[in-house]
$ cat structure01.pdb   # PDB, C-alpha atoms
ATOM      1  CA  MET A   1      32.071  64.762  61.003
ATOM      2  CA  THR A   2      31.349  68.428  60.452
ATOM      3  CA  LEU A   3      29.640  69.670  57.316
ATOM      4  CA  THR A   4      28.490  73.189  56.542
ATOM      5  CA  ILE A   5      26.122  73.977  53.711
ATOM      6  CA  HIS A   6      26.125  77.514  52.335
ATOM      7  CA  ILE A   7      22.860  78.192  50.525
ATOM      8  CA  ASP A   8      24.338  81.260  48.797
ATOM      9  CA  ASP A   9      27.317  79.241  47.490
ATOM     10  CA  SER A  10      27.483  78.712  43.727
ATOM     11  CA  ALA A  11      27.997  74.972  44.293
ATOM     12  CA  ALA A  12      24.846  72.890  44.633
ATOM     13  CA  PRO A  13      24.152  71.538  48.147
ATOM     14  CA  TYR A  14      24.772  67.927  47.066
ATOM     15  CA  GLU A  15      28.165  68.992  45.647
ATOM     16  CA  GLN A  16      29.026  70.733  48.913
ATOM     17  CA  VAL A  17      28.200  67.539  50.834
ATOM     18  CA  ARG A  18      30.178  65.428  48.345
ATOM     19  CA  SER A  19      33.255  67.643  48.347
ATOM     20  CA  GLN A  20      33.377  68.113  52.122
ATOM     21  CA  ILE A  21      33.076  64.390  52.861
ATOM     22  CA  SER A  22      35.639  63.619  50.155
ATOM     23  CA  GLU A  23      38.106  66.175  51.513
ATOM     24  CA  GLN A  24      37.664  64.958  55.090
ATOM     25  CA  ALA A  25      38.132  61.319  54.025
ATOM     26  CA  ARG A  26      41.276  62.097  52.025
ATOM     27  CA  ALA A  27      42.701  64.213  54.860
ATOM     28  CA  GLY A  28      42.088  61.402  57.355
ATOM     29  CA  THR A  29      39.644  63.480  59.404
ATOM     30  CA  LEU A  30      37.156  60.757  58.517
ATOM     31  CA  PRO A  31      39.230  57.586  58.882
ATOM     32  CA  VAL A  32      38.789  54.445  56.822
ATOM     33  CA  GLY A  33      35.905  52.476  58.276
ATOM     34  CA  TYR A  34      34.175  55.528  59.777
ATOM     35  CA  ARG A  35      30.414  54.980  59.683
ATOM     36  CA  LEU A  36      28.606  57.873  58.034
ATOM     37  CA  PRO A  37      25.168  59.008  59.154
ATOM     38  CA  THR A  38      22.178  57.603  57.335
ATOM     39  CA  VAL A  39      20.975  59.576  54.328
ATOM     40  CA  ARG A  40      17.865  60.619  56.217
ATOM     41  CA  GLY A  41      19.785  61.485  59.385
ATOM     42  CA  LEU A  42      22.361  63.623  57.602
ATOM     43  CA  ALA A  43      19.679  65.338  55.506
ATOM     44  CA  GLU A  44      17.741  66.199  58.642
ATOM     45  CA  SER A  45      20.787  67.566  60.474
ATOM     46  CA  LEU A  46      21.774  69.726  57.481
ATOM     47  CA  GLY A  47      18.256  70.855  56.626
ATOM     48  CA  LEU A  48      18.413  69.247  53.186
ATOM     49  CA  ALA A  49      16.164  66.891  51.268
ATOM     50  CA  ALA A  50      17.039  63.213  51.613
ATOM     51  CA  ASN A  51      17.424  62.988  47.810
ATOM     52  CA  THR A  52      20.163  65.660  47.966
ATOM     53  CA  VAL A  53      22.228  63.638  50.433
ATOM     54  CA  ALA A  54      21.493  60.395  48.553
ATOM     55  CA  LYS A  55      22.852  61.991  45.363
ATOM     56  CA  ALA A  56      26.036  63.042  47.191
ATOM     57  CA  TYR A  57      26.462  59.537  48.651
ATOM     58  CA  ARG A  58      25.994  57.967  45.191
ATOM     59  CA  ALA A  59      28.662  60.272  43.742
ATOM     60  CA  LEU A  60      31.034  59.484  46.633
ATOM     61  CA  GLU A  61      30.467  55.771  46.159
ATOM     62  CA  GLY A  62      31.156  56.131  42.451
ATOM     63  CA  ASP A  63      34.411  57.930  43.314
ATOM     64  CA  GLY A  64      35.411  55.106  45.665
ATOM     65  CA  VAL A  65      35.413  57.400  48.716
ATOM     66  CA  ILE A  66      32.638  55.565  50.551
ATOM     67  CA  GLU A  67      31.066  52.128  50.399
ATOM     68  CA  THR A  68      27.581  51.017  51.316
ATOM     69  CA  ARG A  69      27.289  47.732  53.153
ATOM     70  CA  GLY A  70      23.580  47.162  52.757
ATOM     71  CA  ARG A  71      21.650  47.465  55.983
ATOM     72  CA  ASN A  72      24.904  47.772  57.946
ATOM     73  CA  GLY A  73      25.405  51.346  56.791
ATOM     74  CA  THR A  74      27.734  53.516  54.758
ATOM     75  CA  PHE A  75      31.427  53.728  55.565
ATOM     76  CA  VAL A  76      34.556  55.591  54.468
ATOM     77  CA  ALA A  77      36.338  53.259  52.050
ATOM     78  CA  ALA A  78      40.024  52.494  51.825
ATOM     79  CA  ALA A  79      41.130  54.975  49.164
ATOM     80  CA  GLY A  80      44.450  53.394  48.212
ATOM     81  CA  PRO A  81      43.669  50.920  45.429
ATOM     82  CA  ALA A  82      40.730  52.886  43.982
ATOM     83  CA  ALA A  83      42.716  56.130  43.969
ATOM     84  CA  GLU A  84      45.704  54.400  42.401
ATOM     85  CA  ARG A  85      43.524  52.864  39.671
ATOM     86  CA  GLU A  86      41.985  56.239  38.902
ATOM     87  CA  ALA A  87      45.427  57.885  38.779
ATOM     88  CA  ALA A  88      46.713  55.167  36.440
ATOM     89  CA  ALA A  89      43.716  55.629  34.133
ATOM     90  CA  ALA A  90      44.240  59.408  34.098
ATOM     91  CA  ALA A  91      47.944  58.926  33.346
ATOM     92  CA  GLN A  92      47.127  56.561  30.486
ATOM     93  CA  SER A  93      44.670  59.066  29.003
ATOM     94  CA  TYR A  94      47.242  61.829  29.323
ATOM     95  CA  ALA A  95      49.951  59.735  27.663
ATOM     96  CA  GLU A  96      47.681  58.899  24.736
ATOM     97  CA  ARG A  97      46.611  62.535  24.351
ATOM     98  CA  VAL A  98      50.135  64.030  24.336
ATOM     99  CA  ARG A  99      51.280  61.400  21.862
ATOM    100  CA  ARG A 100      48.407  62.341  19.522
ATOM    101  CA  LEU A 101      49.409  65.987  19.938
ATOM    102  CA  GLY A 102      52.914  65.095  18.801
ATOM    103  CA  LEU A 103      54.725  66.025  22.008
ATOM    104  CA  ASP A 104      57.930  64.203  22.837
ATOM    105  CA  GLU A 105      58.337  62.375  26.132
ATOM    106  CA  PRO A 106      60.528  64.988  27.903
ATOM    107  CA  THR A 107      58.042  67.762  27.057
ATOM    108  CA  ALA A 108      55.074  65.689  28.219
ATOM    109  CA  LEU A 109      56.857  64.745  31.435
ATOM    110  CA  ALA A 110      57.818  68.384  32.108
ATOM    111  CA  ALA A 111      54.158  69.378  31.744
ATOM    112  CA  VAL A 112      53.156  66.760  34.340
ATOM    113  CA  GLN A 113      55.877  67.885  36.747
ATOM    114  CA  ASP A 114      54.773  71.523  36.406
ATOM    115  CA  ALA A 115      51.149  70.549  37.023
ATOM    116  CA  LEU A 116      52.072  68.493  40.106
ATOM    117  CA  ARG A 117      54.163  71.325  41.547
ATOM    118  CA  ALA A 118      51.234  73.699  41.052
ATOM    119  CA  ALA A 119      48.706  71.249  42.521
ATOM    120  CA  TYR A 120      50.808  70.517  45.585
ATOM    121  CA  GLY A 121      51.828  74.153  46.079
ATOM    122  CA  ARG A 122      55.551  73.705  45.550
ATOM    123  CA  ASP A 123      57.747  76.138  43.679
ATOM    124  CA  GLY A 124      60.318  75.073  41.110
ATOM    125  CA  GLY A 125      63.015  74.648  43.785
ATOM    126  CA  SER A 126      61.302  71.841  45.671
TER     127      SER A 126
END

$ encode --input "structure01.pdb" --output "C-alpha coordinates"
Amino acid sequence: MTLTIHIDDSAAPYEQVRSQISEQARAGTLPVGYRLPTVRGLAESLGLAANTVAKAYRALEGDGVIETRGRNGTFVAAAGPAAEREAAAAAQSYAERVRRLGLDEPTALAAVQDALRAAYGRDGGS
(Lines of atoms letter the chains of each structure in order from A and count residues from 1; the text may use other names and numbers.)
(Lines give C-alpha, C1' and ligand atoms only; values in the text may rest on other atoms or scores of the structure.)
Protein backbone atom coordinates (compact mmCIF):
# COMPACT_ATOMS: atom_id res chain seq x y z
CA MET A 1 0.00 0.00 0.00
CA THR A 2 1.38 3.36 -1.02
CA LEU A 3 -0.04 6.59 0.34
CA THR A 4 1.25 10.11 -0.21
CA ILE A 5 0.15 13.03 1.90
CA HIS A 6 0.52 16.51 0.43
CA ILE A 7 0.54 19.09 3.22
CA ASP A 8 -0.13 21.92 0.75
CA ASP A 9 -3.19 20.10 -0.69
CA SER A 10 -6.57 21.70 -0.01
CA ALA A 11 -7.89 18.34 1.23
CA ALA A 12 -7.32 17.57 4.90
CA PRO A 13 -4.73 14.83 5.61
CA TYR A 14 -7.39 12.44 6.94
CA GLU A 15 -9.38 12.93 3.71
CA GLN A 16 -6.28 12.21 1.64
CA VAL A 17 -5.74 8.96 3.58
CA ARG A 18 -9.43 8.05 3.24
CA SER A 19 -9.64 8.76 -0.48
CA GLN A 20 -6.38 7.02 -1.38
CA ILE A 21 -7.24 3.84 0.53
CA SER A 22 -10.76 3.89 -0.92
CA GLU A 23 -9.48 4.31 -4.47
CA GLN A 24 -6.88 1.56 -4.05
CA ALA A 25 -9.49 -0.81 -2.58
CA ARG A 26 -11.98 -0.14 -5.37
CA ALA A 27 -9.28 -0.53 -8.04
CA GLY A 28 -8.19 -3.86 -6.55
CA THR A 29 -4.70 -2.58 -5.72
CA LEU A 30 -5.66 -3.39 -2.14
CA PRO A 31 -7.48 -6.71 -2.50
CA VAL A 32 -10.35 -7.86 -0.32
CA GLY A 33 -8.91 -9.23 2.90
CA TYR A 34 -5.73 -7.14 2.73
CA ARG A 35 -4.63 -6.28 6.27
CA LEU A 36 -4.08 -2.56 6.72
CA PRO A 37 -1.38 -1.18 8.99
CA THR A 38 -2.36 -0.30 12.53
CA VAL A 39 -3.54 3.26 13.09
CA ARG A 40 -0.37 4.05 15.01
CA GLY A 41 1.88 2.36 12.46
CA LEU A 42 0.36 4.14 9.48
CA ALA A 43 0.37 7.48 11.31
CA GLU A 44 4.04 7.06 12.11
CA SER A 45 4.99 6.13 8.55
CA LEU A 46 3.07 9.11 7.12
CA GLY A 47 4.17 11.59 9.77
CA LEU A 48 0.59 12.18 10.91
CA ALA A 49 -1.14 12.14 14.27
CA ALA A 50 -2.75 8.83 15.20
CA ASN A 51 -6.13 10.61 15.54
CA THR A 52 -5.89 11.70 11.88
CA VAL A 53 -5.49 8.12 10.67
CA ALA A 54 -8.14 6.88 13.13
CA LYS A 55 -10.60 9.41 11.67
CA ALA A 56 -9.84 8.19 8.14
CA TYR A 57 -10.29 4.55 9.20
CA ARG A 58 -13.63 5.38 10.88
CA ALA A 59 -14.85 7.08 7.69
CA LEU A 60 -13.69 4.12 5.57
CA GLU A 61 -15.45 1.70 7.89
CA GLY A 62 -18.61 3.78 7.68
CA ASP A 63 -18.35 3.64 3.87
CA GLY A 64 -17.99 -0.15 3.99
CA VAL A 65 -14.50 -0.05 2.44
CA ILE A 66 -12.73 -1.56 5.44
CA GLU A 67 -13.73 -3.62 8.45
CA THR A 68 -12.14 -3.85 11.86
CA ARG A 69 -11.92 -7.29 13.39
CA GLY A 70 -11.09 -6.30 16.94
CA ARG A 71 -7.58 -7.21 17.99
CA ASN A 72 -7.06 -9.10 14.72
CA GLY A 73 -6.68 -5.88 12.77
CA THR A 74 -8.30 -3.85 10.03
CA PHE A 75 -8.93 -5.33 6.60
CA VAL A 76 -10.22 -4.31 3.17
CA ALA A 77 -13.87 -5.37 3.09
CA ALA A 78 -15.76 -7.03 0.29
CA ALA A 79 -17.31 -4.03 -1.44
CA GLY A 80 -20.01 -5.81 -3.43
CA PRO A 81 -23.07 -5.94 -1.16
CA ALA A 82 -22.32 -2.67 0.67
CA ALA A 83 -21.69 -0.81 -2.58
CA GLU A 84 -24.84 -2.26 -4.12
CA ARG A 85 -26.93 -1.24 -1.09
CA GLU A 86 -25.55 2.28 -1.24
CA ALA A 87 -26.24 2.50 -4.98
CA ALA A 88 -29.81 1.26 -4.46
CA ALA A 89 -30.38 3.85 -1.73
CA ALA A 90 -29.00 6.62 -3.97
CA ALA A 91 -31.22 5.45 -6.84
CA GLN A 92 -34.27 5.46 -4.58
CA SER A 93 -33.50 9.00 -3.41
CA TYR A 94 -33.03 10.12 -7.00
CA ALA A 95 -36.30 8.53 -8.11
CA GLU A 96 -38.22 10.22 -5.30
CA ARG A 97 -36.59 13.59 -6.03
CA VAL A 98 -37.29 13.60 -9.80
CA ARG A 99 -40.87 12.55 -9.17
CA ARG A 100 -41.32 15.49 -6.77
CA LEU A 101 -39.80 17.75 -9.43
CA GLY A 102 -42.43 16.54 -11.88
CA LEU A 103 -40.08 14.92 -14.38
CA ASP A 104 -41.37 12.02 -16.42
CA GLU A 105 -39.59 8.67 -16.40
CA PRO A 106 -37.84 9.01 -19.81
CA THR A 107 -36.42 12.42 -18.84
CA ALA A 108 -35.24 11.15 -15.46
CA LEU A 109 -33.66 8.08 -17.04
CA ALA A 110 -31.92 10.21 -19.70
CA ALA A 111 -30.42 12.37 -16.94
CA VAL A 112 -29.02 9.25 -15.22
CA GLN A 113 -27.58 7.92 -18.48
CA ASP A 114 -25.90 11.27 -19.19
CA ALA A 115 -24.44 11.36 -15.68
CA LEU A 116 -23.13 7.79 -15.97
CA ARG A 117 -21.52 8.51 -19.34
CA ALA A 118 -19.82 11.56 -17.85
CA ALA A 119 -18.70 9.69 -14.72
CA TYR A 120 -17.28 6.77 -16.66
CA GLY A 121 -15.71 8.97 -19.34
CA ARG A 122 -17.73 7.70 -22.28
CA ASP A 123 -19.06 9.89 -25.05
CA GLY A 124 -22.59 9.63 -26.39
CA GLY A 125 -21.58 6.97 -28.94
CA SER A 126 -20.58 4.33 -26.41

$ residues_around --input "structure01.pdb" --residues "range 13-23 of chain A" --least-positions-apart "3" --cutoff "7 Å" --atoms "only C-alpha atoms" --output "list in words"
Leu3, Ile5, Arg26, Ala27, Thr52, Val53, Lys55, Ala56, Tyr57, Leu60 and Val65 of chain A

$ residues_around --input "structure01.pdb" --residues "range 68-78 of chain A" --least-positions-apart "3" --cutoff "9 Å" --atoms "only C-alpha atoms" --output "MDAnalysis selection string"
chainID A and resid 25 30:38 57 61 64:65 81:82

$ residues_around --input "structure01.pdb" --residues "range 83-95 of chain A" --least-positions-apart "4" --cutoff "10 Å" --atoms "all atoms listed in the file" --output "MDAnalysis selection string"
chainID A and resid 63:65 78:79 99:101 103 105 108:109 112

$ atom_distance --input "structure01.pdb" --atom1 "CA of Gly102 in chain A" --atom2 "CA of Tyr120 in chain A"
27.4 Å

$ axis_aligned_box --input "structure01.pdb" --around "range 24-32 of chain A" --padding-each-side "6 Å" --output "AutoDock Vina command-line options"
--center_x 39.9 --center_y 59.7 --center_z 55.7 --size_x 17.5 --size_y 22.5 --size_z 19.4

$ atom_distance --input "structure01.pdb" --atom1 "CA of Ala11 in chain A" --atom2 "CA of Glu67 in chain A"
23.8 Å

$ closest_residue --input "structure01.pdb" --among "A:Ser45, A:Ala115, A:Arg97, A:Val39" --to "Arg58 in chain A" --atoms "all atoms listed in the file"
A:Val39

$ atom_distance --input "structure01.pdb" --atom1 "CA of Asn51 in chain A" --atom2 "CA of Gln24 in chain A"
21.6 Å

$ build_atoms --input "structure01.pdb" --residues "range 98-122 of chain A" --atoms "N, CA and C atoms" --output "PDB file, in the frame of the given file"
ATOM      1  N   VAL A  98      48.928  63.291  24.724  1.00  0.00           N
ATOM      2  CA  VAL A  98      50.135  64.030  24.336  1.00  0.00           C
ATOM      3  C   VAL A  98      50.825  63.383  23.143  1.00  0.00           C
ATOM      4  N   ARG A  99      50.706  62.075  23.029  1.00  0.00           N
ATOM      5  CA  ARG A  99      51.280  61.400  21.862  1.00  0.00           C
ATOM      6  C   ARG A  99      50.549  61.823  20.586  1.00  0.00           C
ATOM      7  N   ARG A 100      49.198  61.873  20.671  1.00  0.00           N
ATOM      8  CA  ARG A 100      48.407  62.341  19.522  1.00  0.00           C
ATOM      9  C   ARG A 100      48.732  63.787  19.167  1.00  0.00           C
ATOM     10  N   LEU A 101      49.056  64.586  20.168  1.00  0.00           N
ATOM     11  CA  LEU A 101      49.409  65.987  19.938  1.00  0.00           C
ATOM     12  C   LEU A 101      50.812  66.144  19.350  1.00  0.00           C
ATOM     13  N   GLY A 102      51.575  65.057  19.377  1.00  0.00           N
ATOM     14  CA  GLY A 102      52.914  65.095  18.801  1.00  0.00           C
ATOM     15  C   GLY A 102      53.995  65.578  19.749  1.00  0.00           C
ATOM     16  N   LEU A 103      53.705  65.608  21.043  1.00  0.00           N
ATOM     17  CA  LEU A 103      54.725  66.025  22.008  1.00  0.00           C
ATOM     18  C   LEU A 103      55.703  64.883  22.278  1.00  0.00           C
ATOM     19  N   ASP A 104      56.965  65.243  22.488  1.00  0.00           N
ATOM     20  CA  ASP A 104      57.930  64.203  22.837  1.00  0.00           C
ATOM     21  C   ASP A 104      57.830  63.914  24.340  1.00  0.00           C
ATOM     22  N   GLU A 105      58.439  62.820  24.744  1.00  0.00           N
ATOM     23  CA  GLU A 105      58.337  62.375  26.132  1.00  0.00           C
ATOM     24  C   GLU A 105      58.858  63.390  27.139  1.00  0.00           C
ATOM     25  N   PRO A 106      60.054  64.002  26.923  1.00  0.00           N
ATOM     26  CA  PRO A 106      60.528  64.988  27.903  1.00  0.00           C
ATOM     27  C   PRO A 106      59.578  66.182  28.065  1.00  0.00           C
ATOM     28  N   THR A 107      58.975  66.634  26.980  1.00  0.00           N
ATOM     29  CA  THR A 107      58.042  67.762  27.057  1.00  0.00           C
ATOM     30  C   THR A 107      56.780  67.363  27.815  1.00  0.00           C
ATOM     31  N   ALA A 108      56.267  66.174  27.532  1.00  0.00           N
ATOM     32  CA  ALA A 108      55.074  65.689  28.219  1.00  0.00           C
ATOM     33  C   ALA A 108      55.344  65.502  29.708  1.00  0.00           C
ATOM     34  N   LEU A 109      56.498  64.954  30.035  1.00  0.00           N
ATOM     35  CA  LEU A 109      56.857  64.745  31.435  1.00  0.00           C
ATOM     36  C   LEU A 109      57.035  66.078  32.159  1.00  0.00           C
ATOM     37  N   ALA A 110      57.637  67.055  31.506  1.00  0.00           N
ATOM     38  CA  ALA A 110      57.818  68.384  32.108  1.00  0.00           C
ATOM     39  C   ALA A 110      56.458  69.026  32.412  1.00  0.00           C
ATOM     40  N   ALA A 111      55.494  68.831  31.524  1.00  0.00           N
ATOM     41  CA  ALA A 111      54.158  69.378  31.744  1.00  0.00           C
ATOM     42  C   ALA A 111      53.518  68.754  32.984  1.00  0.00           C
ATOM     43  N   VAL A 112      53.700  67.444  33.163  1.00  0.00           N
ATOM     44  CA  VAL A 112      53.156  66.760  34.340  1.00  0.00           C
ATOM     45  C   VAL A 112      53.838  67.270  35.600  1.00  0.00           C
ATOM     46  N   GLN A 113      55.152  67.408  35.569  1.00  0.00           N
ATOM     47  CA  GLN A 113      55.877  67.885  36.747  1.00  0.00           C
ATOM     48  C   GLN A 113      55.441  69.291  37.126  1.00  0.00           C
ATOM     49  N   ASP A 114      55.249  70.164  36.130  1.00  0.00           N
ATOM     50  CA  ASP A 114      54.773  71.523  36.406  1.00  0.00           C
ATOM     51  C   ASP A 114      53.382  71.493  37.038  1.00  0.00           C
ATOM     52  N   ALA A 115      52.506  70.652  36.497  1.00  0.00           N
ATOM     53  CA  ALA A 115      51.149  70.549  37.023  1.00  0.00           C
ATOM     54  C   ALA A 115      51.147  70.019  38.457  1.00  0.00           C
ATOM     55  N   LEU A 116      51.994  69.033  38.743  1.00  0.00           N
ATOM     56  CA  LEU A 116      52.072  68.493  40.106  1.00  0.00           C
ATOM     57  C   LEU A 116      52.611  69.523  41.086  1.00  0.00           C
ATOM     58  N   ARG A 117      53.636  70.264  40.672  1.00  0.00           N
ATOM     59  CA  ARG A 117      54.163  71.325  41.547  1.00  0.00           C
ATOM     60  C   ARG A 117      53.079  72.345  41.856  1.00  0.00           C
ATOM     61  N   ALA A 118      52.308  72.726  40.845  1.00  0.00           N
ATOM     62  CA  ALA A 118      51.234  73.699  41.052  1.00  0.00           C
ATOM     63  C   ALA A 118      50.145  73.122  41.969  1.00  0.00           C
ATOM     64  N   ALA A 119      49.777  71.877  41.735  1.00  0.00           N
ATOM     65  CA  ALA A 119      48.706  71.249  42.521  1.00  0.00           C
ATOM     66  C   ALA A 119      49.090  71.067  43.981  1.00  0.00           C
ATOM     67  N   TYR A 120      50.358  70.769  44.222  1.00  0.00           N
ATOM     68  CA  TYR A 120      50.808  70.517  45.585  1.00  0.00           C
ATOM     69  C   TYR A 120      51.418  71.750  46.235  1.00  0.00           C
ATOM     70  N   GLY A 121      51.386  72.884  45.508  1.00  0.00           N
ATOM     71  CA  GLY A 121      51.828  74.153  46.079  1.00  0.00           C
ATOM     72  C   GLY A 121      53.325  74.264  46.286  1.00  0.00           C
ATOM     73  N   ARG A 122      54.095  73.618  45.419  1.00  0.00           N
ATOM     74  CA  ARG A 122      55.551  73.705  45.550  1.00  0.00           C
ATOM     75  C   ARG A 122      56.083  74.579  44.425  1.00  0.00           C
TER      76      ARG A 122
END
